[in-house]
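Here's the structure we're looking at; comments come further down.
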Amino acid sequence: MNCTHEIVMAGFGGQGIMFAGKLVSYAGMLAGKEISWLPSYGPEMRGGTANCHVIVSDEQIGSPIITNPTALIAMNRPSLDKFEDTVVPGGLILTDSSLINRSVKRKDVVAIEIPATQHAIDLGEGKLANMVLVGRLIRETGIVSLDILKEALKKIVPARKQELLEMNIKMIELGYNG
Amino acid sequence: MNCTHEIVMAGFGGQGIMFAGKLVSYAGMLAGKEISWLPSYGPEMRGGTANCHVIVSDEQIGSPIITNPTALIAMNRPSLDKFEDTVVPGGLILTDSSLINRSVKRKDVVAIEIPATQHAIDLGEGKLANMVLVGRLIRETGIVSLDILKEALKKIVPARKQELLEMNIKMIELGYNG
Amino acid sequence: MTKVFEKPKALCDVPLHYCPGCTHGIIHRLVAEAIDELDILGKTVGVASVGCSVFSYNYFECDMQQAAHGRAPAVATGIKRVHPGNVVFTYQGDGDLAAIGTAEMVHAAARGEKITVIFVNNAIYGMTGGQMAPTTLLGQVTQTSPYGRNAENQGYPIKVCEMLSTLEGSAYIARVSVDSVKNIRNAKKAIKKAFETQIEGKGFSLVEVLSTCPTNWGLSPVESLDWLRANMMPFYPLGIYKEK
Amino acid sequence: MTKVFEKPKALCDVPLHYCPGCTHGIIHRLVAEAIDELDILGKTVGVASVGCSVFSYNYFECDMQQAAHGRAPAVATGIKRVHPGNVVFTYQGDGDLAAIGTAEMVHAAARGEKITVIFVNNAIYGMTGGQMAPTTLLGQVTQTSPYGRNAENQGYPIKVCEMLSTLEGSAYIARVSVDSVKNIRNAKKAIKKAFETQIEGKGFSLVEVLSTCPTNWGLSPVESLDWLRANMMPFYPLGIYKEK
Amino acid sequence: MAKVFFKEDRCKGCELCTTVCPKGIVVMARDRINNKGFQPAQVIEQDKCIGCAFCAMICPDVVIEVEK
Amino acid sequence: MAKVFFKEDRCKGCELCTTVCPKGIVVMARDRINNKGFQPAQVIEQDKCIGCAFCAMICPDVVIEVEK
Amino acid sequence: MSEKVLMKGNEAVAEAAIQAGCRYFFGYPITPQNEIPEYMAKRMPKVNGVYLQAESEVAAINMVYGAAGAGARVMTSSSSPGISLKQEGISYLVGSDLPCVIVNMVRGGPGLGGIQPAQSDYFQAVKGGAHGDYYLVVLAPSSVQEAVDLTMEAFDIADMYRTPVIILGDGMLGQMMEPVQFHQYKGRNLPAKDWATTGTNNSRKRNIINSLFIDPQELENLNIERFNRYKQIQEKEVKFESVNCEDADVVLVAYGTTARVAKSAMSRARAEGLKVGLIRPITLWPFPVQVFQQVARTAKAFLAVEMSMGQMVEDVRLAVNGLKPVYFYGRTGGMVLTPMAIVEEIKKISGGEKND
Amino acid sequence: MSEKVLMKGNEAVAEAAIQAGCRYFFGYPITPQNEIPEYMAKRMPKVNGVYLQAESEVAAINMVYGAAGAGARVMTSSSSPGISLKQEGISYLVGSDLPCVIVNMVRGGPGLGGIQPAQSDYFQAVKGGAHGDYYLVVLAPSSVQEAVDLTMEAFDIADMYRTPVIILGDGMLGQMMEPVQFHQYKGRNLPAKDWATTGTNNSRKRNIINSLFIDPQELENLNIERFNRYKQIQEKEVKFESVNCEDADVVLVAYGTTARVAKSAMSRARAEGLKVGLIRPITLWPFPVQVFQQVARTAKAFLAVEMSMGQMVEDVRLAVNGLKPVYFYGRTGGMVLTPMAIVEEIKKISGGEKND
Ligand SMILES: Cc1ncc(C[n+]2csc(CCOP(=O)(O)OP(=O)(O)O)c2C)c(N)n1
Ligand SMILES: Cc1ncc(C[n+]2csc(CCOP(=O)(O)OP(=O)(O)O)c2C)c(N)n1
Ligand code: SF4
Ligand code: SF4
Ligand code: SF4
Ligand code: SF4
Ligand code: SF4
Ligand code: SF4
Ligand SMILES: [Mg+2]
Ligand SMILES: [Mg+2]
């Protein structure tokens, strides 16, 4: 059972939450794992928080809904407020500290606060903070290898957006190594 | 079972078929019997034949639909063509011979052909041929007495149409006695 | 001697079920004549609606579909989108088109759907026995306006041609009548024009035909034509409302 | 010092759920201001429709009903017929009113139903994530017109005021916008006038308000107002279309 | 000379045809009913017919054919 | 003298108010985010305000009150 | 005590509604129930009520929603295709807990079908034709008199439990005339409609009529609360008639007009020495499950007869739960059962010829 | 062999339809199935197909009628309230024997309800939400891959038996992404659509698509003919999955996404030493009755789990027919079941705490 990763990624619409989730899912698929990806949907998306549930597992996946994530990526304060308490003890919480004006309160989890947006701005594109966080996520959890993640990225970023691809990879590496 | 009268009345729309049926039903009700009245309905009424099923019985009435009438009043040829064969052996067929250019073929029924419309015209209102036939019907079948029939008529013809009432009674008597 | 008048080929050789003197029959014939004259029988598909004309699927020699009450324009859209080369028409009463079918009608027109609608307005629900229609005139007595249609509670009659003409997608909209030989001739012209509009791909076409319902108006067929002229024609002016 | 501007009493003191810069919020406030000014809060019943404004039942301090998609005018009719003394309004989007609700809208107008319709036209289905609406402009890209709305296949946008004005029962029909202070002022006037029309028993009233959907237009709120001015206002001219 | 034919059994006796004949020769048969039970329309004075087909045009039941 | 009040936590940072102020004094706070996570609108130069309430009228979220 | 009058089923239902205090009717014509709107059009103006012909069945049911939400006793009626169109609206009425009465004079289906009597809308009425978890109270009169009595009661049940109630008749019931009496209507004690949108009059908190609950936990809670009310209805409102079941080998099960035919069949069969009984569910939902459990102890078999291809028979099977075989015989498409044919079926069962 | 791709359930259904030859789609937006029309809007023009956004669900289903009658492979999709609006149209499709595929991504109800996943439209889909005697073939995929495979097959079943086929999913299935493969679509051998209204081309007798049969005998005959086709479907098209039933004491019954949760629950229960099995109906109609009859011999009890207040459980009861107790556990209104809660229920049954 321990080889099942249940990741919740949450933030505002427009922060690339859904894309980040898709990327990890895709990488999981390439790695030969069972995967599922489930977005929150409906009016709560407007103005409020958007989130997605990603499961990467060695076993067949039952419900794609995650009640207690093994890892949480929170990209705004409402998301952290909403999901902090749901993370399993010993789980991981990754926050974008450029956007969240408080710290993680839980003491029984691994809390990592990264100024991801700031890093991303420094590297040239603030909107790719999501990739910074994904890079860090896979380092912390080992869901997939960095190589597979990059491979997945290549598959889902259209060839004509080569530039974007490279930028994304840079961000991931920053997160992974930083 | 013999005290159940199942009467089909049929003709064109406008000939007072439904009214005749209602009258007999009402009379049956006044006579303390169980009764039901069921009209044909729907598009076949337009242009084609209109008919109604009247059951007057000493017992509770099951289906108000009559498959094999004990008595048939046919006021046009299509009606006679349609229902002649359905009448029970020994049953009654009453036709308006002013309007039907053929005779009853069945030999196992009591067939009475009355030039009802002609009689009614002679008496002053051709449209009351239906009453002539009803008068004859109750004489032949004894469903109700003539008095009860008249009483019923008084109840369903509005008081302000006194003249019409008298005319109707005349027609019924003509049929009953003629 | 040559035939100067005979049954059009597009009309089946069967008796019509309409009441005596009901002008649905005339309108059927005009549609069939238009189909004959344009020589399009083999590619025409008709859509019968729910109303006295529901059985029109038995009367036209082309392929036919029978649509749910009010939905003929949607059904016609389905057909036309699958076979854009077909000529698709609907035949609808005023209850069908102007009451329950309002949305389907308005949107087929707005889409400029390349179909032709024959809209038979007899100011009443004929088939169901004479209830008030959206086109019933003020003061008109019907089974469900027994004290005469009254604007305060039952609203105003809808002028369909006027309303649909406001829509960009409508390409040909006309109102005609079949109360006289002259008007019957004009009606035929309009119906033909409507089919042509479709064939030329210009957009949505509709011909509203003022029609009688002797049975539910409680008038003889001849009186019915008089009533139509005296009451319907002043309120529903004949004419071409839109032509692209 | 006196308050020259504050939250109207008819508006509940809760945050609105609309996206940043969505002009639904302005329109809500204008409706509430009109209710305040006419002092009719206690007898007003509102009908929320299905769309982004579905939660408007949480925002007005009067009794509210939530209606099925497109059916707000029918629901309002039910309410008004039971309590003719009430002031009944619906608040509907363009998908709700001009697509699925076309028949209910047309017939409420034709009946001269004494209700007021606040019709928020943002040329898109907001709530469901930005699909094409009947009011989407030609060429406009939406989730279901990804190559731009194209008249040939997807038809033409519907001009609701123009269409409803052809109906005898409509008593007040106006189109306004909330893109500028001036237009907001006019919008408020029109909304108030619409309520007055109802209160005076003149018939059906409708105010179409051109509105933005920054989220689904993919523009910032400020850009959205520009887009509205540049694209919607020329196609949907502001003005009073009918006044009895 | 023109000629009109009536498919008599299709006639519903509505009388519309009688109102449009410029020659006034279309009349109802009061002496008989057809199989449907209606008194049918007829033209007895065929020779007066000018073949205008007005009667046929207004007939809702395609009862009438006209030759000229 | 006029005064504008902002219920800052209701502000969604849409910037509409900033486009209508005749005095150009409504500006976005770039230095802070409110509880909802938005950079709110604000008026610093209150003394320049003429109390026209344009800002309030265009605000979709009833953030602004104006006194005069 | 009122006089006996002769009335069509449709008219009788309309008059009964008015006598039960219904003052709002929203309808749309369709055969074979047109006499209901027509009667309403004539009578409502006389009793200060409203008859409004809607532009469609969809509009009609949503007008019912508005009127019911505004606190009125309100009714609509239609027949099969029209009732299908009302399904979304019915689900909304349920979701907003609004009381109303809906009449379905069933005709042959599917599609435009025919206009002769049928019972093939049983599933739709009883199992839920619309979306979501819900039941409707479904009353099935088998005579014009019963149509009157049940219509009156329907309004009380609707108001008591805040639920739509269906009167499920058929073309035959609607069109036939029988003698009826209108007994003085004694209503139940009912809770005030303090939830209705009448305008706050600035003197109470605003009322909201709504079926949207975006938080699934809230929606689930409301569903559970509603099902608790359903449980009460199941306990208190079940109605049925059972005849000759004590010694019966074969028990006929039939409702509505078909039950009349079944009764004739029962008499004939008894006359021929066959021990036949009849259970006639009057409430189709709640279904009278207990009487089946009881009768199943002594009866040898059940025979459901319906004007359908077999719909109520499922509820009979569920009620009997395998204790005894349940057979089916039906006609459909507007064809009506005859007593003779039912007797034949009974004989087949008794002779072991018929398979479960 | 095609590559694995990651796709949303909704998009996968849309793509599968296109690969199965569907070239006509008529829809109307509603959450949570919007990705279907949106995908169609993008893809159809590329394959010379037609995507048309109708003015309503009612219009959409009637466009489907027209297109199906014209001989096309055609699809529509919606979610609960929208499907309720389609009921009349569905009955017409049935009555005119027209093939088509209808997708319902179910959400919480009744009324406007919510938008989270639910299974509370089971009755509507399986028992008949519309009027008249009829059934629909109802397919219930439980993964995105199965959604693809069943959608493809749905078109063949529809054409083979001239019936509408429903794909019954839920919001979760529609919204989730999973890896899928699009296998080369091998169609069945299907009869020619010589009944379609394509225009006679003056070379054949005219075709009529119609559901009106005013003569009840004719209508009955057609209904019987249709039910004969249903019998064939019941014989040939039943699909289900059964796992661990051989030695199971308690057999879970679940379909769609709930079956996934049930599987997790089964694993957990087995891990705790409880002998638990699972039957997953894939065709909800025809319901896999026989497997229940068989398993009922050895199992001690059945537990139906659904995202509803209990709907499929009736079919389980009918199938088990009293042989063994049938229990129910469900959540509703958009609440989703958890494996833990199901295991709890299993324990209650095993411990005799739960009542039938
Ligand atoms: C959904 C539905 N509602 C109602 C009906 C009943 N109905 C049949 S025809 C008709 C009205 C027909 O009136 P119109 O369209 O004016 O045609 P007419 O008979 O006057 O030619 C109605 C309401 C139906 N068949 N289906
Ligand atoms: C019967 C039905 N069909 C579809 C929907 C889904 N739906 C919800 S809102 C909406 C459209 C809203 O668009 P609009 O009316 O323009 O309002 P907006 O959100 O743009 O303000 C739709 C189609 C529904 N809830 N019910
Ligand atoms: S009822 Fe009226 S419209 Fe229908 S066929 Fe008869 S006359 Fe014509
Ligand atoms: S989606 Fe559009 S209409 Fe809806 S709240 Fe957001 S901006 Fe406003
Ligand atoms: S063709 Fe003309 S002239 Fe001859 S009978 Fe007919 S209407 Fe009269
Ligand atoms: S118009 Fe036709 S149906 Fe009418 S009387 Fe003349 S011939 Fe007969
Ligand atoms: S009230 Fe007028 S001047 Fe003052 S801040 Fe607002 S817009 Fe500017
Ligand atoms: S208009 Fe209102 S919500 Fe928008 S930025 Fe200004 S104060 Fe904030
Ligand atoms: Mg009409
Ligand atoms: Mg909109």
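Identifiers for the structure tokens are assigned positionally: chains receive A, B, ... in sequence, residues are indexed from 1 per chain, and ligands are indexed from 1 in the order shown.
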Checklist entry - ligand 10: which residues are within 12 Å, counting only C-alpha atoms and all ligand atoms, as a PyMOL selection string? => result chain D and resi 22-24+49-54+70+91-99+119-136+142+208-217
Checklist entry - What residues have any atom no more than 10 Å from ligand 5 when counting only C-alpha atoms and all ligand atoms, and can you list them as a ChimeraX atom specification? => result /C:4-5,181 /E:1-5,17-27,42-58,64-68
Since chain B and chain A share a sequence, can you fit the second onto the first over all C-alpha atoms in order and output it as a compact mmCIF listing (two decimals) with C-alpha atoms, in the first residue's frame?
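Produced file out-v2.txt, reproduced below:
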# COMPACT_ATOMS: atom_id res chain seq x y z
CA MET A 1 -75.91 -11.67 -16.07
CA ASN A 2 -78.94 -11.17 -18.23
CA CYS A 3 -79.83 -7.98 -16.47
CA THR A 4 -76.86 -6.23 -18.03
CA HIS A 5 -77.59 -4.11 -21.07
CA GLU A 6 -74.63 -3.26 -23.23
CA ILE A 7 -75.60 -0.72 -25.84
CA VAL A 8 -73.48 0.73 -28.60
CA MET A 9 -74.78 3.87 -30.28
CA ALA A 10 -73.00 5.01 -33.40
CA GLY A 11 -73.27 7.55 -36.19
CA PHE A 12 -71.72 10.80 -37.41
CA GLY A 13 -70.69 13.55 -35.07
CA GLY A 14 -73.56 16.01 -34.73
CA GLN A 15 -76.29 13.39 -34.72
CA GLY A 16 -76.63 13.51 -30.98
CA ILE A 17 -75.17 10.07 -30.40
CA MET A 18 -73.32 11.10 -27.25
CA PHE A 19 -76.40 12.82 -25.89
CA ALA A 20 -78.58 9.79 -26.54
CA GLY A 21 -76.09 7.67 -24.65
CA LYS A 22 -76.00 10.10 -21.79
CA LEU A 23 -79.76 10.12 -21.57
CA VAL A 24 -80.04 6.37 -21.32
CA SER A 25 -77.23 6.34 -18.75
CA TYR A 26 -78.91 9.00 -16.70
CA ALA A 27 -82.19 7.15 -16.79
CA GLY A 28 -80.40 4.00 -15.69
CA MET A 29 -78.93 5.89 -12.78
CA LEU A 30 -82.34 7.22 -11.76
CA ALA A 31 -83.63 3.68 -11.95
CA GLY A 32 -81.06 2.75 -9.34
CA LYS A 33 -78.86 0.73 -11.65
CA GLU A 34 -75.14 0.69 -12.09
CA ILE A 35 -74.25 2.50 -15.25
CA SER A 36 -71.29 3.53 -17.33
CA TRP A 37 -70.93 5.58 -20.47
CA LEU A 38 -67.82 5.62 -22.62
CA PRO A 39 -67.37 7.61 -25.82
CA SER A 40 -65.02 6.88 -28.65
CA TYR A 41 -62.54 9.70 -28.80
CA GLY A 42 -59.76 11.08 -30.88
CA PRO A 43 -59.16 11.79 -34.52
CA GLU A 44 -61.35 9.02 -35.79
CA MET A 45 -64.22 11.25 -34.65
CA ARG A 46 -63.44 13.72 -37.42
CA GLY A 47 -65.36 12.80 -40.52
CA GLY A 48 -65.64 9.18 -39.48
CA THR A 49 -67.97 7.60 -37.02
CA ALA A 50 -68.57 8.63 -33.46
CA ASN A 51 -69.89 6.13 -31.01
CA CYS A 52 -70.51 5.57 -27.35
CA HIS A 53 -70.82 2.55 -25.13
CA VAL A 54 -73.53 2.49 -22.49
CA ILE A 55 -73.81 -0.20 -19.87
CA VAL A 56 -76.81 -0.42 -17.58
CA SER A 57 -76.60 -3.23 -15.08
CA ASP A 58 -77.78 -4.55 -11.76
CA GLU A 59 -74.22 -5.42 -10.89
CA GLN A 60 -71.00 -3.50 -10.48
CA ILE A 61 -69.60 -2.77 -13.90
CA GLY A 62 -66.18 -4.06 -14.85
CA SER A 63 -64.80 -2.72 -18.08
CA PRO A 64 -66.95 0.03 -19.59
CA ILE A 65 -65.80 -1.10 -23.00
CA ILE A 66 -68.30 -3.19 -24.92
CA THR A 67 -66.99 -5.83 -27.24
CA ASN A 68 -70.31 -7.45 -28.00
CA PRO A 69 -73.31 -5.21 -27.52
CA THR A 70 -76.71 -6.52 -26.57
CA ALA A 71 -78.13 -3.59 -28.56
CA LEU A 72 -76.84 -1.40 -31.35
CA ILE A 73 -78.22 1.90 -32.60
CA ALA A 74 -76.68 2.71 -35.99
CA MET A 75 -77.33 6.14 -37.42
CA ASN A 76 -75.21 5.92 -40.54
CA ARG A 77 -73.93 3.29 -42.87
CA PRO A 78 -70.31 3.17 -41.75
CA SER A 79 -71.56 2.51 -38.22
CA LEU A 80 -73.75 -0.33 -39.32
CA ASP A 81 -70.89 -1.74 -41.38
CA LYS A 82 -68.57 -1.52 -38.43
CA PHE A 83 -70.72 -2.87 -35.63
CA GLU A 84 -73.30 -5.19 -37.19
CA ASP A 85 -71.17 -8.27 -36.72
CA THR A 86 -70.32 -7.52 -33.10
CA VAL A 87 -73.86 -7.71 -31.75
CA VAL A 88 -74.59 -10.78 -29.60
CA PRO A 89 -76.86 -13.36 -31.18
CA GLY A 90 -80.36 -12.51 -30.20
CA GLY A 91 -79.41 -8.90 -29.69
CA LEU A 92 -81.07 -5.82 -31.06
CA ILE A 93 -80.07 -3.66 -34.03
CA LEU A 94 -81.89 -0.38 -34.53
CA THR A 95 -81.08 1.58 -37.66
CA ASP A 96 -82.13 4.92 -39.07
CA SER A 97 -83.28 3.81 -42.47
CA SER A 98 -83.57 7.42 -43.67
CA LEU A 99 -79.81 7.58 -43.65
CA ILE A 100 -78.68 4.06 -44.36
CA ASN A 101 -79.06 2.70 -47.83
CA ARG A 102 -78.96 -0.97 -46.93
CA SER A 103 -80.67 -3.46 -44.66
CA VAL A 104 -79.33 -5.36 -41.70
CA LYS A 105 -77.82 -8.63 -42.92
CA ARG A 106 -77.67 -10.57 -39.69
CA LYS A 107 -80.52 -13.04 -39.28
CA ASP A 108 -79.80 -14.01 -35.69
CA VAL A 109 -80.67 -10.63 -34.23
CA VAL A 110 -83.74 -8.50 -33.87
CA ALA A 111 -83.33 -5.90 -36.62
CA ILE A 112 -85.57 -2.87 -36.61
CA GLU A 113 -85.22 -0.28 -39.33
CA ILE A 114 -86.91 3.01 -38.60
CA PRO A 115 -86.91 6.07 -40.86
CA ALA A 116 -86.13 8.03 -37.74
CA THR A 117 -84.80 11.13 -39.43
CA GLN A 118 -87.83 11.28 -41.66
CA HIS A 119 -90.15 10.87 -38.69
CA ALA A 120 -88.27 13.55 -36.85
CA ILE A 121 -88.43 15.93 -39.78
CA ASP A 122 -92.12 15.30 -40.00
CA LEU A 123 -92.46 16.15 -36.37
CA GLY A 124 -90.50 19.35 -36.82
CA GLU A 125 -86.83 18.73 -36.06
CA GLY A 126 -84.75 16.31 -38.09
CA LYS A 127 -81.85 16.54 -35.66
CA LEU A 128 -83.81 14.72 -32.99
CA ALA A 129 -83.84 11.39 -34.80
CA ASN A 130 -81.66 10.15 -31.97
CA MET A 131 -84.58 10.51 -29.54
CA VAL A 132 -86.87 8.54 -31.79
CA LEU A 133 -84.40 5.70 -31.71
CA VAL A 134 -83.92 5.92 -27.95
CA GLY A 135 -87.67 5.73 -27.48
CA ARG A 136 -87.77 2.55 -29.48
CA LEU A 137 -84.70 1.16 -27.74
CA ILE A 138 -86.27 1.24 -24.31
CA ARG A 139 -89.48 -0.22 -25.55
CA GLU A 140 -87.63 -3.13 -27.11
CA THR A 141 -85.26 -3.72 -24.22
CA GLY A 142 -87.03 -2.44 -21.15
CA ILE A 143 -83.80 -1.02 -19.80
CA VAL A 144 -85.85 1.63 -18.03
CA SER A 145 -89.45 2.69 -18.11
CA LEU A 146 -90.67 5.47 -20.35
CA ASP A 147 -91.41 7.58 -17.29
CA ILE A 148 -87.93 7.34 -15.93
CA LEU A 149 -86.54 8.16 -19.33
CA LYS A 150 -88.63 11.30 -19.42
CA GLU A 151 -87.62 12.19 -15.90
CA ALA A 152 -83.98 11.80 -16.88
CA LEU A 153 -84.56 14.03 -19.86
CA LYS A 154 -85.96 16.71 -17.63
CA LYS A 155 -82.86 16.61 -15.49
CA ILE A 156 -80.41 16.96 -18.31
CA VAL A 157 -82.20 19.44 -20.50
CA PRO A 158 -81.77 22.85 -18.90
CA ALA A 159 -85.00 24.40 -17.65
CA ARG A 160 -84.61 27.41 -19.93
CA LYS A 161 -84.85 25.10 -22.91
CA GLN A 162 -88.40 24.07 -22.12
CA GLU A 163 -89.43 24.01 -25.74
CA LEU A 164 -86.60 21.69 -26.66
CA LEU A 165 -87.59 19.41 -23.84
CA GLU A 166 -91.09 19.05 -25.10
CA MET A 167 -89.89 18.36 -28.59
CA ASN A 168 -87.56 15.72 -27.28
CA ILE A 169 -90.33 14.04 -25.36
CA LYS A 170 -92.50 14.01 -28.44
CA MET A 171 -89.77 12.28 -30.38
CA ILE A 172 -89.21 9.72 -27.66
CA GLU A 173 -92.87 8.95 -27.51
CA LEU A 174 -93.01 8.62 -31.23
CA GLY A 175 -90.23 6.10 -31.10
CA TYR A 176 -91.68 4.29 -28.12
CA ASN A 177 -95.16 4.02 -29.47
CA GLY A 178 -94.48 4.00 -33.20
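When DSSP is run on the backbone, the residues of chain F that fall into helix (DSSP H, G or I) are Glu8, Asp9, Arg10, Leu16, Cys17, Thr18, Thr19, Gln46, Asp47, Lys48, Phe54, Cys55, Ala56, Met57 and Ile58 of chain F.
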Chain G contacts on chain H, only C-alpha atoms, 6 Å, as an mmCIF file with C-alpha atoms, in the first residue's frame:
data_model
loop_
_atom_site.group_PDB
_atom_site.id
_atom_site.type_symbol
_atom_site.label_atom_id
_atom_site.label_comp_id
_atom_site.auth_asym_id
_atom_site.auth_seq_id
_atom_site.Cartn_x
_atom_site.Cartn_y
_atom_site.Cartn_z
ATOM 1 C CA SER H 80 -29.209 14.447 -15.015
ATOM 2 C CA PRO H 81 -31.576 17.434 -15.438
ATOM 3 C CA SER H 84 -34.904 14.330 -17.763
ATOM 4 C CA LEU H 85 -35.740 16.857 -20.446
ATOM 5 C CA GLN H 87 -37.434 11.765 -21.889
ATOM 6 C CA GLU H 88 -40.169 12.479 -24.388
ATOM 7 C CA SER H 91 -39.651 7.590 -25.983
ATOM 8 C CA TYR H 92 -40.103 8.782 -29.563
ATOM 9 C CA GLY H 95 -41.332 4.234 -30.670
ATOM 10 C CA GLY H 109 -30.257 15.275 -7.666
ATOM 11 C CA PRO H 110 -33.149 15.779 -7.554
ATOM 12 C CA GLY H 111 -33.826 19.190 -9.085
ATOM 13 C CA LEU H 112 -30.837 21.320 -9.900
ATOM 14 C CA GLY H 113 -29.162 19.279 -7.166
ATOM 15 C CA GLY H 114 -25.398 19.448 -7.307
ATOM 16 C CA SER H 120 -29.304 8.267 -8.707
ATOM 17 C CA ASP H 121 -30.528 8.184 -12.308
ATOM 18 C CA GLN H 124 -34.667 6.585 -14.962
ATOM 19 C CA GLY H 128 -37.990 3.796 -18.092
ATOM 20 C CA GLY H 129 -38.021 7.503 -17.396
ATOM 21 C CA ALA H 130 -40.403 8.121 -20.238
ATOM 22 C CA HIS H 131 -43.890 6.916 -21.080
ATOM 23 C CA GLY H 132 -44.771 3.629 -22.671
ATOM 24 C CA ASP H 133 -43.455 0.103 -22.576
ATOM 25 C CA SER H 211 -44.311 6.302 -33.702
ATOM 26 C CA LEU H 212 -48.038 7.048 -34.058
ATOM 27 C CA PHE H 213 -50.292 4.046 -34.416
ATOM 28 C CA ILE H 214 -53.851 5.018 -33.857
ATOM 29 C CA PRO H 216 -54.269 -0.082 -30.733
ATOM 30 C CA LEU H 219 -49.486 -0.478 -31.651
ATOM 31 C CA GLU H 220 -49.611 -3.591 -29.516
ATOM 32 C CA ASN H 321 -35.672 -13.480 -5.714
ATOM 33 C CA GLY H 322 -35.651 -14.113 -2.009
ATOM 34 C CA THR H 332 -26.224 10.255 -2.287
ATOM 35 C CA GLY H 333 -26.263 13.865 -3.418
ATOM 36 C CA GLY H 334 -22.718 13.758 -4.753
ATOM 37 C CA MET H 335 -21.191 12.041 -1.750
#
Next on the checklist: I want to know what sits within 6 Å of region 24-32 of chain H, based on only C-alpha atoms, with residues of the same chain fewer than 5 positions away left out; could you give that as a list of chain:residue names?
Outcome noted: H:Gly49, H:Val50, H:Tyr51, H:Leu52, H:Gln53, H:Ala54, H:Ser56, H:Glu57, H:Ala60, H:Val74, H:Met75, H:Thr76, H:Gly171
Could those selected residues go to a file with N, CA and C atoms, as a compact mmCIF listing (two decimals), in the first residue's frame?
# COMPACT_ATOMS: atom_id res chain seq x y z
N GLY H 49 -17.52 15.90 -39.88
CA GLY H 49 -18.73 15.61 -39.12
C GLY H 49 -19.41 16.90 -38.71
N VAL H 50 -20.51 16.74 -38.04
CA VAL H 50 -21.28 17.90 -37.59
C VAL H 50 -21.37 17.94 -36.08
N TYR H 51 -20.91 19.05 -35.51
CA TYR H 51 -21.21 19.33 -34.12
C TYR H 51 -22.22 20.47 -34.12
N LEU H 52 -23.35 20.26 -33.49
CA LEU H 52 -24.30 21.35 -33.42
C LEU H 52 -24.77 21.53 -31.98
N GLN H 53 -24.57 22.74 -31.48
CA GLN H 53 -25.10 23.03 -30.15
C GLN H 53 -26.56 23.42 -30.30
N ALA H 54 -27.41 22.59 -29.75
CA ALA H 54 -28.85 22.84 -29.86
C ALA H 54 -29.26 23.93 -28.89
N SER H 56 -31.47 23.57 -26.68
CA SER H 56 -31.86 22.94 -25.42
C SER H 56 -31.66 21.44 -25.56
N GLU H 57 -31.78 20.74 -24.46
CA GLU H 57 -31.70 19.29 -24.51
C GLU H 57 -32.87 18.71 -25.29
N ALA H 60 -32.00 19.05 -28.81
CA ALA H 60 -30.90 18.15 -29.13
C ALA H 60 -31.40 16.73 -29.38
N VAL H 74 -25.34 8.71 -34.56
CA VAL H 74 -25.51 10.02 -33.93
C VAL H 74 -25.52 9.86 -32.42
N MET H 75 -25.04 10.89 -31.76
CA MET H 75 -24.92 10.84 -30.31
C MET H 75 -25.34 12.16 -29.69
N THR H 76 -25.78 12.08 -28.47
CA THR H 76 -25.98 13.27 -27.65
C THR H 76 -25.49 12.94 -26.25
N GLY H 171 -20.19 12.04 -12.81
CA GLY H 171 -19.27 13.16 -12.88
C GLY H 171 -17.82 12.75 -12.70
